[in-house]
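**Student:** Just so it is clear, I am handing over input-v3.cif, which has mmCIF, C-alpha atoms.
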data_model
#
loop_
_atom_site.group_PDB
_atom_site.id
_atom_site.type_symbol
_atom_site.label_atom_id
_atom_site.label_comp_id
_atom_site.auth_asym_id
_atom_site.auth_seq_id
_atom_site.Cartn_x
_atom_site.Cartn_y
_atom_site.Cartn_z
ATOM 1 C CA MET R 5 -19.545 11.420 37.543
ATOM 2 C CA LEU R 6 -16.990 11.597 34.761
ATOM 3 C CA ILE R 7 -18.403 11.834 31.249
ATOM 4 C CA ALA R 8 -16.590 8.639 30.288
ATOM 5 C CA ASP R 9 -18.374 6.869 33.161
ATOM 6 C CA VAL R 10 -21.810 7.802 31.827
ATOM 7 C CA SER R 11 -21.562 5.507 28.826
ATOM 8 C CA GLU R 12 -20.142 2.755 31.025
ATOM 9 C CA THR R 13 -23.014 3.127 33.518
ATOM 10 C CA TYR R 14 -25.526 3.170 30.685
ATOM 11 C CA THR R 15 -23.950 0.042 29.221
ATOM 12 C CA ASP R 16 -24.022 -1.711 32.607
ATOM 13 C CA ILE R 17 -27.713 -0.897 33.109
ATOM 14 C CA VAL R 18 -28.720 -1.963 29.607
ATOM 15 C CA THR R 19 -26.704 -5.160 29.619
ATOM 16 C CA SER R 20 -28.323 -6.199 32.902
ATOM 17 C CA VAL R 21 -31.400 -6.888 30.764
ATOM 18 C CA PHE R 22 -30.156 -7.283 27.186
ATOM 19 C CA SER R 23 -27.177 -9.164 25.807
ATOM 20 C CA SER R 24 -25.655 -5.940 24.450
ATOM 21 C CA THR R 25 -26.427 -2.271 23.973
ATOM 22 C CA ILE R 26 -27.010 -2.942 20.284
ATOM 23 C CA ALA R 27 -29.597 -5.619 21.039
ATOM 24 C CA ALA R 28 -31.300 -3.175 23.423
ATOM 25 C CA LYS R 29 -31.424 -0.505 20.737
ATOM 26 C CA ALA R 30 -32.820 -2.942 18.206
ATOM 27 C CA TRP R 31 -35.666 -3.945 20.535
ATOM 28 C CA PHE R 32 -36.451 -0.432 21.762
ATOM 29 C CA ALA R 33 -36.614 0.719 18.143
ATOM 30 C CA THR R 34 -38.846 -2.226 17.296
ATOM 31 C CA ALA R 35 -41.219 -1.281 20.126
ATOM 32 C CA ALA R 36 -41.216 2.328 18.916
ATOM 33 C CA VAL R 37 -42.082 1.267 15.368
ATOM 34 C CA ILE R 38 -44.907 -0.999 16.539
ATOM 35 C CA LEU R 39 -46.307 1.849 18.640
ATOM 36 C CA ALA R 40 -45.907 4.189 15.666
ATOM 37 C CA LEU R 41 -48.018 1.791 13.616
ATOM 38 C CA VAL R 42 -50.639 1.925 16.385
ATOM 39 C CA GLN R 43 -50.435 5.716 16.101
ATOM 40 C CA LEU R 44 -50.963 5.552 12.347
ATOM 41 C CA THR R 45 -53.884 3.171 12.673
ATOM 42 C CA THR R 46 -55.645 5.164 15.375
ATOM 43 C CA ALA R 47 -54.960 8.425 13.556
ATOM 44 C CA ALA R 48 -56.532 6.973 10.421
ATOM 45 C CA ARG R 49 -59.575 6.003 12.500
ATOM 46 C CA ILE R 50 -59.765 9.503 13.998
ATOM 47 C CA TYR R 51 -59.808 10.846 10.434
ATOM 48 C CA GLY R 52 -62.738 8.563 9.605
ATOM 49 C CA LYS R 53 -60.806 5.814 7.795
ATOM 50 C CA LEU R 54 -60.492 2.120 8.699
ATOM 51 C CA ARG R 55 -64.167 1.773 9.550
ATOM 52 C CA PHE R 56 -63.722 -1.825 10.658
ATOM 53 C CA LEU R 57 -62.067 -0.517 13.834
ATOM 54 C CA PRO R 58 -64.133 0.512 16.870
ATOM 55 C CA GLU R 59 -66.158 3.695 16.670
ATOM 56 C CA ARG R 60 -64.198 6.946 16.844
ATOM 57 C CA GLY R 61 -64.201 8.207 20.383
ATOM 58 C CA ARG R 62 -62.408 8.419 23.642
ATOM 59 C CA ALA R 63 -60.782 4.969 23.497
ATOM 60 C CA ILE R 64 -59.228 5.615 20.096
ATOM 61 C CA ALA R 65 -58.017 9.068 21.133
ATOM 62 C CA THR R 66 -56.547 7.740 24.386
ATOM 63 C CA THR R 67 -54.842 4.865 22.570
ATOM 64 C CA HIS R 68 -53.436 7.341 20.055
ATOM 65 C CA ARG R 69 -52.032 9.631 22.735
ATOM 66 C CA TRP R 70 -50.543 6.902 24.900
ATOM 67 C CA SER R 71 -49.021 4.974 22.002
ATOM 68 C CA GLY R 72 -47.302 8.216 21.007
ATOM 69 C CA ARG R 73 -46.014 8.866 24.506
ATOM 70 C CA LEU R 74 -44.714 5.306 24.867
ATOM 71 C CA ALA R 75 -43.138 5.394 21.405
ATOM 72 C CA PHE R 76 -41.327 8.586 22.375
ATOM 73 C CA LEU R 77 -40.080 6.976 25.604
ATOM 74 C CA CYS R 78 -38.834 3.949 23.661
ATOM 75 C CA THR R 79 -36.750 6.198 21.419
ATOM 76 C CA LEU R 80 -34.934 7.890 24.321
ATOM 77 C CA PRO R 81 -32.368 5.163 25.114
ATOM 78 C CA VAL R 82 -31.786 4.732 21.383
ATOM 79 C CA PHE R 83 -31.264 8.481 21.023
ATOM 80 C CA PHE R 84 -28.873 8.512 23.976
ATOM 81 C CA HIS R 85 -26.712 5.733 22.558
ATOM 82 C CA CYS R 86 -26.839 6.755 18.903
ATOM 83 C CA VAL R 87 -26.401 10.497 19.309
ATOM 84 C CA THR R 88 -24.295 10.984 22.414
ATOM 85 C CA ILE R 89 -22.072 7.891 22.212
ATOM 86 C CA LEU R 90 -21.849 6.853 18.562
ATOM 87 C CA GLY R 91 -22.480 10.211 16.881
ATOM 88 C CA PHE R 92 -22.983 11.008 13.200
ATOM 89 C CA GLN R 93 -21.150 8.380 11.144
ATOM 90 C CA THR R 94 -20.893 7.700 7.420
ATOM 91 C CA PRO R 95 -18.762 4.559 6.943
ATOM 92 C CA ASP R 96 -21.255 3.044 4.491
ATOM 93 C CA ALA R 97 -24.603 3.850 2.864
ATOM 94 C CA ARG R 98 -26.716 2.121 5.531
ATOM 95 C CA VAL R 99 -25.107 3.911 8.458
ATOM 96 C CA ALA R 100 -25.019 7.231 6.585
ATOM 97 C CA LEU R 101 -28.738 6.983 5.791
ATOM 98 C CA HIS R 102 -29.456 5.990 9.388
ATOM 99 C CA SER R 103 -27.445 8.935 10.754
ATOM 100 C CA LEU R 104 -29.079 11.403 8.387
ATOM 101 C CA VAL R 105 -32.661 10.269 9.012
ATOM 102 C CA GLY R 106 -32.022 9.973 12.746
ATOM 103 C CA THR R 107 -30.861 13.580 12.861
ATOM 104 C CA PHE R 108 -34.269 14.675 11.603
ATOM 105 C CA LEU R 109 -36.412 12.460 13.857
ATOM 106 C CA TYR R 110 -36.792 14.696 16.902
ATOM 107 C CA GLY R 111 -37.105 17.818 14.777
ATOM 108 C CA VAL R 112 -40.060 16.308 12.948
ATOM 109 C CA PHE R 113 -41.447 15.039 16.276
ATOM 110 C CA VAL R 114 -41.321 18.520 17.819
ATOM 111 C CA ALA R 115 -42.876 20.042 14.688
ATOM 112 C CA LYS R 116 -45.685 17.461 14.809
ATOM 113 C CA VAL R 117 -46.415 18.184 18.481
ATOM 114 C CA LEU R 118 -46.547 21.915 17.753
ATOM 115 C CA ILE R 119 -48.838 21.315 14.774
ATOM 116 C CA VAL R 120 -51.224 19.268 16.960
ATOM 117 C CA ARG R 121 -51.593 22.249 19.259
ATOM 118 C CA ASP R 122 -51.935 24.880 16.540
ATOM 119 C CA HIS R 123 -55.491 24.825 15.203
ATOM 120 C CA SER R 124 -54.837 27.688 12.785
ATOM 121 C CA LEU R 125 -52.791 25.480 10.433
ATOM 122 C CA PRO R 126 -54.282 23.856 7.319
ATOM 123 C CA ALA R 127 -55.944 20.451 7.779
ATOM 124 C CA TRP R 128 -53.257 18.617 5.790
ATOM 125 C CA ALA R 129 -50.438 19.759 8.071
ATOM 126 C CA LEU R 130 -51.035 17.267 10.889
ATOM 127 C CA PRO R 131 -51.433 14.071 8.819
ATOM 128 C CA THR R 132 -48.429 15.126 6.737
ATOM 129 C CA ALA R 133 -46.304 15.611 9.842
ATOM 130 C CA GLY R 134 -47.553 12.352 11.355
ATOM 131 C CA LEU R 135 -46.883 10.348 8.209
ATOM 132 C CA THR R 136 -43.440 11.920 7.855
ATOM 133 C CA LEU R 137 -42.597 11.032 11.451
ATOM 134 C CA ALA R 138 -43.809 7.441 11.064
ATOM 135 C CA SER R 139 -41.889 7.094 7.778
ATOM 136 C CA LEU R 140 -38.678 8.312 9.407
ATOM 137 C CA LEU R 141 -39.128 5.788 12.222
ATOM 138 C CA VAL R 142 -39.678 2.965 9.740
ATOM 139 C CA VAL R 143 -36.557 3.922 7.744
ATOM 140 C CA LEU R 144 -34.557 4.065 10.988
ATOM 141 C CA TRP R 145 -35.861 0.636 11.988
ATOM 142 C CA LEU R 146 -35.103 -0.882 8.577
ATOM 143 C CA SER R 147 -31.570 0.512 8.588
ATOM 144 C CA SER R 148 -30.753 -0.639 12.127
ATOM 145 C CA SER R 149 -32.972 -3.185 13.875
ATOM 146 C CA LEU R 150 -33.815 -5.191 10.776
ATOM 147 C CA TRP R 151 -30.148 -5.152 9.785
ATOM 148 C CA TYR R 152 -29.192 -6.339 13.281
ATOM 149 C CA PHE R 153 -31.833 -9.092 13.373
ATOM 150 C CA THR R 154 -30.905 -10.413 9.937
ATOM 151 C CA ASN R 155 -27.115 -9.910 9.983
ATOM 152 C CA VAL R 156 -26.073 -10.329 13.596
ATOM 153 C CA ARG R 157 -28.640 -12.145 15.694
ATOM 154 C CA PHE R 158 -32.324 -12.253 16.456
ATOM 155 C CA GLY R 159 -32.523 -12.270 20.205
ATOM 156 C CA PHE R 160 -32.383 -10.201 23.350
ATOM 157 C CA MET F 28 -43.609 35.865 9.332
ATOM 158 C CA GLY F 29 -46.825 33.942 10.035
ATOM 159 C CA ARG F 30 -47.356 31.753 13.057
ATOM 160 C CA GLY F 31 -47.583 28.715 10.788
ATOM 161 C CA TRP F 32 -43.818 28.711 10.378
ATOM 162 C CA ARG F 33 -43.254 28.089 14.072
ATOM 163 C CA PRO F 34 -43.295 24.253 13.903
ATOM 164 C CA LEU F 35 -40.836 24.285 11.012
ATOM 165 C CA LEU F 36 -38.504 26.758 12.694
ATOM 166 C CA VAL F 37 -38.522 24.997 16.055
ATOM 167 C CA GLY F 38 -38.228 21.593 14.354
ATOM 168 C CA GLY F 39 -35.306 22.890 12.312
ATOM 169 C CA ALA F 40 -33.613 24.137 15.462
ATOM 170 C CA VAL F 41 -34.035 20.690 17.052
ATOM 171 C CA VAL F 42 -32.523 19.046 13.959
ATOM 172 C CA ALA F 43 -29.551 21.417 14.162
ATOM 173 C CA GLY F 44 -29.198 20.727 17.885
ATOM 174 C CA THR F 45 -29.332 16.970 17.336
ATOM 175 C CA PHE F 46 -26.668 17.210 14.641
ATOM 176 C CA ALA F 47 -24.433 19.301 16.897
ATOM 177 C CA LEU F 48 -24.897 16.811 19.745
ATOM 178 C CA ALA F 49 -24.091 13.924 17.413
ATOM 179 C CA GLN F 50 -20.937 15.675 16.236
ATOM 180 C CA ALA F 51 -19.881 16.302 19.818
ATOM 181 C CA GLN F 52 -20.459 12.660 20.919
ATOM 182 C CA VAL F 53 -20.400 13.943 24.482
ATOM 183 C CA PHE F 54 -20.536 10.517 26.119
ATOM 184 C CA GLU F 55 -18.193 8.703 23.751
ATOM 185 C CA PRO F 56 -15.795 6.634 25.858
ATOM 186 C CA SER F 57 -12.545 8.451 25.160
ATOM 187 C CA ALA F 58 -10.249 6.824 27.666
ATOM 188 C CA PRO F 59 -8.138 4.055 26.199
ATOM 189 C CA ALA F 60 -9.467 0.645 27.028
ATOM 190 C CA ASP F 61 -7.898 -1.065 29.979
ATOM 191 C CA PRO F 62 -7.118 -4.643 29.060
ATOM 192 C CA GLY F 63 -5.796 -5.195 32.578
ATOM 193 C CA VAL F 64 -8.764 -7.337 33.622
ATOM 194 C CA ALA F 65 -7.850 -10.949 33.144
ATOM 195 C CA GLY F 66 -9.952 -12.631 30.505
ATOM 196 C CA ASP F 67 -10.938 -16.241 30.044
ATOM 197 C CA ALA F 68 -10.430 -17.080 26.361
ATOM 198 C CA GLU F 69 -12.560 -20.213 26.591
ATOM 199 C CA ARG F 70 -15.523 -18.314 27.987
ATOM 200 C CA GLY F 71 -14.750 -15.536 25.509
ATOM 201 C CA GLU F 72 -15.171 -17.965 22.627
ATOM 202 C CA ALA F 73 -18.741 -18.724 23.713
ATOM 203 C CA ILE F 74 -19.530 -15.014 23.957
ATOM 204 C CA PHE F 75 -17.820 -14.424 20.623
ATOM 205 C CA VAL F 76 -20.078 -17.015 18.985
ATOM 206 C CA SER F 77 -23.242 -15.269 20.200
ATOM 207 C CA GLU F 78 -22.165 -11.619 19.914
ATOM 208 C CA CYS F 79 -19.438 -11.299 17.296
ATOM 209 C CA ALA F 80 -19.522 -14.293 14.938
ATOM 210 C CA GLY F 81 -22.551 -12.869 13.120
ATOM 211 C CA CYS F 82 -20.188 -10.406 11.437
ATOM 212 C CA HIS F 83 -16.690 -11.811 12.035
ATOM 213 C CA GLY F 84 -17.594 -15.407 11.221
ATOM 214 C CA ASP F 85 -17.263 -18.527 13.348
ATOM 215 C CA GLY F 86 -13.787 -18.640 14.791
ATOM 216 C CA GLY F 87 -13.124 -15.125 13.469
ATOM 217 C CA THR F 88 -12.729 -16.333 9.897
ATOM 218 C CA GLY F 89 -14.488 -13.265 8.553
ATOM 219 C CA GLY F 90 -17.880 -12.490 7.068
ATOM 220 C CA ALA F 91 -19.644 -9.142 6.864
ATOM 221 C CA GLY F 92 -16.848 -7.963 9.166
ATOM 222 C CA PRO F 93 -13.117 -8.548 8.760
ATOM 223 C CA ALA F 94 -11.370 -11.815 9.616
ATOM 224 C CA LEU F 95 -9.545 -11.725 12.938
ATOM 225 C CA LEU F 96 -7.272 -14.716 12.503
ATOM 226 C CA GLU F 97 -3.551 -13.988 12.699
ATOM 227 C CA THR F 98 -4.000 -10.239 12.512
ATOM 228 C CA GLY F 99 -1.495 -9.584 15.292
ATOM 229 C CA LEU F 100 -3.891 -7.387 17.275
ATOM 230 C CA ASP F 101 -2.899 -6.959 20.905
ATOM 231 C CA ALA F 102 -5.238 -6.793 23.907
ATOM 232 C CA THR F 103 -5.277 -2.988 24.095
ATOM 233 C CA GLU F 104 -6.162 -2.668 20.412
ATOM 234 C CA VAL F 105 -8.933 -5.246 20.627
ATOM 235 C CA ALA F 106 -10.360 -3.766 23.837
ATOM 236 C CA THR F 107 -10.321 -0.261 22.356
ATOM 237 C CA ILE F 108 -12.142 -1.399 19.207
ATOM 238 C CA VAL F 109 -14.742 -3.276 21.269
ATOM 239 C CA GLN F 110 -15.291 -0.265 23.533
ATOM 240 C CA GLN F 111 -15.309 2.454 20.902
ATOM 241 C CA GLY F 112 -16.441 0.620 17.789
ATOM 242 C CA ARG F 113 -14.846 0.966 14.373
ATOM 243 C CA GLY F 114 -16.491 1.636 11.011
ATOM 244 C CA VAL F 115 -19.859 -0.091 11.003
ATOM 245 C CA MET F 116 -18.997 -2.012 14.176
ATOM 246 C CA PRO F 117 -20.914 -0.464 17.047
ATOM 247 C CA ALA F 118 -19.295 0.457 20.340
ATOM 248 C CA GLY F 119 -19.896 -1.536 23.485
ATOM 249 C CA ASN F 120 -21.224 -4.777 22.046
ATOM 250 C CA VAL F 121 -19.797 -6.547 25.082
ATOM 251 C CA THR F 122 -18.682 -4.978 28.331
ATOM 252 C CA GLY F 123 -17.107 -5.770 31.682
ATOM 253 C CA GLN F 124 -15.913 -9.313 32.241
ATOM 254 C CA ASP F 125 -17.551 -10.417 28.981
ATOM 255 C CA GLN F 126 -15.399 -7.895 27.153
ATOM 256 C CA ALA F 127 -12.256 -9.079 28.904
ATOM 257 C CA ASP F 128 -13.093 -12.669 27.969
ATOM 258 C CA VAL F 129 -13.802 -11.791 24.333
ATOM 259 C CA VAL F 130 -10.573 -9.777 24.167
ATOM 260 C CA ALA F 131 -8.641 -12.765 25.520
ATOM 261 C CA TYR F 132 -10.222 -15.013 22.890
ATOM 262 C CA VAL F 133 -9.662 -12.610 20.003
ATOM 263 C CA VAL F 134 -6.050 -12.067 21.026
ATOM 264 C CA SER F 135 -5.601 -15.853 21.103
ATOM 265 C CA ILE F 136 -6.800 -16.220 17.513
ATOM 266 C CA SER F 137 -5.094 -13.018 16.363
ATOM 267 C CA SER F 138 -1.636 -14.225 17.260
ATOM 268 C CA PRO F 139 0.317 -15.038 14.104
ATOM 269 C CA ALA F 140 0.934 -18.757 13.636
ATOM 270 C CA GLU F 141 4.402 -19.921 14.600
#
Could you render the structure from this file as structure tokens?

**Tutor:**
Amino acid sequence: MLIADVSETYTDIVTSVFSSTIAAKAWFATAAVILALVQLTTAARIYGKLRFLPERGRAIATTHRWSGRLAFLCTLPVFFHCVTILGFQTPDARVALHSLVGTFLYGVFVAKVLIVRDHSLPAWALPTAGLTLASLLVVLWLSSSLWYFTNVRFGF
Amino acid sequence: MGRGWRPLLVGGAVVAGTFALAQAQVFEPSAPADPGVAGDAERGEAIFVSECAGCHGDGGTGGAGPALLETGLDATEVATIVQQGRGVMPAGNVTGQDQADVVAYVVSISSPAE
């Protein structure tokens, strides 16, 4: 398959469900942000905060893990379109900020996953990495999906 | 160097890799757009209203994006911009027959008035 055909095939697949690739990105990013908020909430519960939520335990841990996995999956089509088709762009402040923050997203994600598995690190490392990752996702959502929903259209 | 640096180093490498990939734009459609597919300007107007008017204004009169009226753009230029994006305009907003129809509509409003 020619490289030029890849983006066309991707576009055809995405537009079989969504009105455009941009709409698809906006909704995938929205799903990722919602799941990231679930991650934050469950992480806070795991750390003994938000006591109004169900008791810490297996359900919270499972929800935390699966919301993270699903959030990661939701970012993949966005990553594919933004990074491999559109690339790093700086035509205005919004797009420049989006490009810059987006460049860091997977790096912070990988660092967070490694920190989860490394029990020799200080206790603050994991919540710091998690909060940083969630913050990056929120900034990316504000600078893309929210812009799309408020400036172009709110729909699929 | 302690083991604690590993997440930062690996994360940094991923950031560098992402940046390199973004610079390469490996799947950017590079072939010039083919406006050969016949477009239906009337149908294109309806698609334009839902997909493009948010930025280019109703009837292409302009808004957050530039006005398209009487700009003299030809079909190849319009199709290329739609496929590849320009400035803040993302690539591939409309594709296939929809793209051909939108191109036909935009060309119809881009033609300078007699």

**Student:** Pick out the chain F residues within 7 Å of chain R. Count all atoms listed in the file. Give them as a list of chain:residue names.

**Tutor:**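 Only these qualify: F:Gly31, F:Pro34, F:Leu35, F:Val37, F:Gly38, F:Gly39, F:Val41, F:Val42, F:Thr45, F:Phe46, F:Leu48, F:Ala49, F:Gln50, F:Gln52, F:Val53, F:Phe54, F:Glu55, F:Pro56, F:Ser57, F:Gly81, F:Cys82, F:Gly114, F:Val115, F:Gly119, F:Asn120, F:Val121.
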
**Student:** Can you sort out the box for range 118-133 of chain F, edges along x, y and z, all listed atoms in, 3 Å on every side, with centre and edge lengths in Å to one decimal, as AutoDock Vina command-line options?

**Tutor:**
--center_x -14.9 --center_y -7.3 --center_z 26.1 --size_x 18.6 --size_y 21.5 --size_z 18.2

**Student:** If the PyMOL selection byres ((chain F and resi 128) around 6) is run on the structure shown, which residues does it catch, given as a short mmCIF file (atom, residue, chain, number, x, y, z; two decimals) with C-alpha atoms, in the coordinates of the input?

**Tutor:**
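Produced file expr-v6.cif, reproduced below:
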data_model
loop_
_atom_site.label_atom_id
_atom_site.label_comp_id
_atom_site.auth_asym_id
_atom_site.auth_seq_id
_atom_site.Cartn_x
_atom_site.Cartn_y
_atom_site.Cartn_z
CA GLY F 66 -9.95 -12.63 30.50
CA ASP F 67 -10.94 -16.24 30.04
CA ALA F 68 -10.43 -17.08 26.36
CA GLY F 71 -14.75 -15.54 25.51
CA ASP F 125 -17.55 -10.42 28.98
CA GLN F 126 -15.40 -7.90 27.15
CA ALA F 127 -12.26 -9.08 28.90
CA VAL F 129 -13.80 -11.79 24.33
CA VAL F 130 -10.57 -9.78 24.17
CA ALA F 131 -8.64 -12.76 25.52
#

**Student:** If the PyMOL selection byres ((chain F and resi 87-100) around 12) is run on the structure shown, which residues does it catch, given as a PDB file with C-alpha atoms, keeping the file's coordinate frame?

**Tutor:**
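Output file expr_31.pdb follows:
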ATOM      1  CA  TRP R 151     -30.148  -5.152   9.785  1.00  0.00           C
ATOM      2  CA  TYR R 152     -29.192  -6.339  13.281  1.00  0.00           C
ATOM      3  CA  THR R 154     -30.905 -10.413   9.937  1.00  0.00           C
ATOM      4  CA  ASN R 155     -27.115  -9.910   9.983  1.00  0.00           C
ATOM      5  CA  VAL R 156     -26.073 -10.329  13.596  1.00  0.00           C
TER       6      VAL R 156
ATOM      7  CA  GLU F  72     -15.171 -17.965  22.627  1.00  0.00           C
ATOM      8  CA  PHE F  75     -17.820 -14.424  20.623  1.00  0.00           C
ATOM      9  CA  VAL F  76     -20.078 -17.015  18.985  1.00  0.00           C
ATOM     10  CA  GLU F  78     -22.165 -11.619  19.914  1.00  0.00           C
ATOM     11  CA  CYS F  79     -19.438 -11.299  17.296  1.00  0.00           C
ATOM     12  CA  ALA F  80     -19.522 -14.293  14.938  1.00  0.00           C
ATOM     13  CA  GLY F  81     -22.551 -12.869  13.120  1.00  0.00           C
ATOM     14  CA  CYS F  82     -20.188 -10.406  11.437  1.00  0.00           C
ATOM     15  CA  HIS F  83     -16.690 -11.811  12.035  1.00  0.00           C
ATOM     16  CA  GLY F  84     -17.594 -15.407  11.221  1.00  0.00           C
ATOM     17  CA  ASP F  85     -17.263 -18.527  13.348  1.00  0.00           C
ATOM     18  CA  GLY F  86     -13.787 -18.640  14.791  1.00  0.00           C
ATOM     19  CA  ASP F 101      -2.899  -6.959  20.905  1.00  0.00           C
ATOM     20  CA  ALA F 102      -5.238  -6.793  23.907  1.00  0.00           C
ATOM     21  CA  THR F 103      -5.277  -2.988  24.095  1.00  0.00           C
ATOM     22  CA  GLU F 104      -6.162  -2.668  20.412  1.00  0.00           C
ATOM     23  CA  VAL F 105      -8.933  -5.246  20.627  1.00  0.00           C
ATOM     24  CA  ALA F 106     -10.360  -3.766  23.837  1.00  0.00           C
ATOM     25  CA  THR F 107     -10.321  -0.261  22.356  1.00  0.00           C
ATOM     26  CA  ILE F 108     -12.142  -1.399  19.207  1.00  0.00           C
ATOM     27  CA  ARG F 113     -14.846   0.966  14.373  1.00  0.00           C
ATOM     28  CA  GLY F 114     -16.491   1.636  11.011  1.00  0.00           C
ATOM     29  CA  VAL F 115     -19.859  -0.091  11.003  1.00  0.00           C
ATOM     30  CA  MET F 116     -18.997  -2.012  14.176  1.00  0.00           C
ATOM     31  CA  PRO F 117     -20.914  -0.464  17.047  1.00  0.00           C
ATOM     32  CA  VAL F 129     -13.802 -11.791  24.333  1.00  0.00           C
ATOM     33  CA  VAL F 130     -10.573  -9.777  24.167  1.00  0.00           C
ATOM     34  CA  ALA F 131      -8.641 -12.765  25.520  1.00  0.00           C
ATOM     35  CA  TYR F 132     -10.222 -15.013  22.890  1.00  0.00           C
ATOM     36  CA  VAL F 133      -9.662 -12.610  20.003  1.00  0.00           C
ATOM     37  CA  VAL F 134      -6.050 -12.067  21.026  1.00  0.00           C
ATOM     38  CA  SER F 135      -5.601 -15.853  21.103  1.00  0.00           C
ATOM     39  CA  ILE F 136      -6.800 -16.220  17.513  1.00  0.00           C
ATOM     40  CA  SER F 137      -5.094 -13.018  16.363  1.00  0.00           C
ATOM     41  CA  SER F 138      -1.636 -14.225  17.260  1.00  0.00           C
ATOM     42  CA  PRO F 139       0.317 -15.038  14.104  1.00  0.00           C
ATOM     43  CA  ALA F 140       0.934 -18.757  13.636  1.00  0.00           C
ATOM     44  CA  GLU F 141       4.402 -19.921  14.600  1.00  0.00           C
TER      45      GLU F 141
END

**Student:** Quick one, how far is CA of Val105 in chain R from CA of Ile64 in chain R?

**Tutor:**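 Spanning CA of Val105 in chain R to CA of Ile64 in chain R is a straight-line distance of 29.2 Å.
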
**Student:** Mind filling out range 70-84 of chain F with N, CA and C atoms and sending it as a PDB file, keeping the file's coordinate frame?

**Tutor:**
ATOM      1  N   ARG F  70     -14.211 -18.934  27.807  1.00  0.00           N
ATOM      2  CA  ARG F  70     -15.523 -18.314  27.987  1.00  0.00           C
ATOM      3  C   ARG F  70     -15.745 -17.249  26.891  1.00  0.00           C
ATOM      4  N   GLY F  71     -14.656 -16.567  26.549  1.00  0.00           N
ATOM      5  CA  GLY F  71     -14.750 -15.536  25.509  1.00  0.00           C
ATOM      6  C   GLY F  71     -15.173 -16.110  24.172  1.00  0.00           C
ATOM      7  N   GLU F  72     -14.781 -17.343  23.897  1.00  0.00           N
ATOM      8  CA  GLU F  72     -15.171 -17.965  22.627  1.00  0.00           C
ATOM      9  C   GLU F  72     -16.691 -18.138  22.562  1.00  0.00           C
ATOM     10  N   ALA F  73     -17.282 -18.544  23.691  1.00  0.00           N
ATOM     11  CA  ALA F  73     -18.741 -18.724  23.713  1.00  0.00           C
ATOM     12  C   ALA F  73     -19.458 -17.391  23.501  1.00  0.00           C
ATOM     13  N   ILE F  74     -18.920 -16.341  24.124  1.00  0.00           N
ATOM     14  CA  ILE F  74     -19.530 -15.014  23.957  1.00  0.00           C
ATOM     15  C   ILE F  74     -19.318 -14.531  22.524  1.00  0.00           C
ATOM     16  N   PHE F  75     -18.123 -14.814  22.006  1.00  0.00           N
ATOM     17  CA  PHE F  75     -17.820 -14.424  20.623  1.00  0.00           C
ATOM     18  C   PHE F  75     -18.828 -15.050  19.655  1.00  0.00           C
ATOM     19  N   VAL F  76     -19.142 -16.311  19.877  1.00  0.00           N
ATOM     20  CA  VAL F  76     -20.078 -17.015  18.985  1.00  0.00           C
ATOM     21  C   VAL F  76     -21.437 -16.312  18.968  1.00  0.00           C
ATOM     22  N   SER F  77     -21.903 -15.866  20.155  1.00  0.00           N
ATOM     23  CA  SER F  77     -23.242 -15.269  20.200  1.00  0.00           C
ATOM     24  C   SER F  77     -23.243 -13.792  19.820  1.00  0.00           C
ATOM     25  N   GLU F  78     -22.139 -13.071  20.094  1.00  0.00           N
ATOM     26  CA  GLU F  78     -22.165 -11.619  19.914  1.00  0.00           C
ATOM     27  C   GLU F  78     -21.379 -11.107  18.714  1.00  0.00           C
ATOM     28  N   CYS F  79     -20.367 -11.858  18.289  1.00  0.00           N
ATOM     29  CA  CYS F  79     -19.438 -11.299  17.296  1.00  0.00           C
ATOM     30  C   CYS F  79     -19.404 -12.102  15.988  1.00  0.00           C
ATOM     31  N   ALA F  80     -19.690 -13.425  16.107  1.00  0.00           N
ATOM     32  CA  ALA F  80     -19.522 -14.293  14.938  1.00  0.00           C
ATOM     33  C   ALA F  80     -20.492 -13.945  13.814  1.00  0.00           C
ATOM     34  N   GLY F  81     -21.598 -13.275  14.155  1.00  0.00           N
ATOM     35  CA  GLY F  81     -22.551 -12.869  13.120  1.00  0.00           C
ATOM     36  C   GLY F  81     -21.874 -12.055  12.030  1.00  0.00           C
ATOM     37  N   CYS F  82     -20.913 -11.227  12.419  1.00  0.00           N
ATOM     38  CA  CYS F  82     -20.188 -10.406  11.437  1.00  0.00           C
ATOM     39  C   CYS F  82     -18.784 -10.946  11.158  1.00  0.00           C
ATOM     40  N   HIS F  83     -18.092 -11.397  12.210  1.00  0.00           N
ATOM     41  CA  HIS F  83     -16.690 -11.811  12.035  1.00  0.00           C
ATOM     42  C   HIS F  83     -16.526 -13.290  11.677  1.00  0.00           C
ATOM     43  N   GLY F  84     -17.648 -13.998  11.603  1.00  0.00           N
ATOM     44  CA  GLY F  84     -17.594 -15.407  11.221  1.00  0.00           C
ATOM     45  C   GLY F  84     -17.221 -16.309  12.395  1.00  0.00           C
TER      46      GLY F  84
END
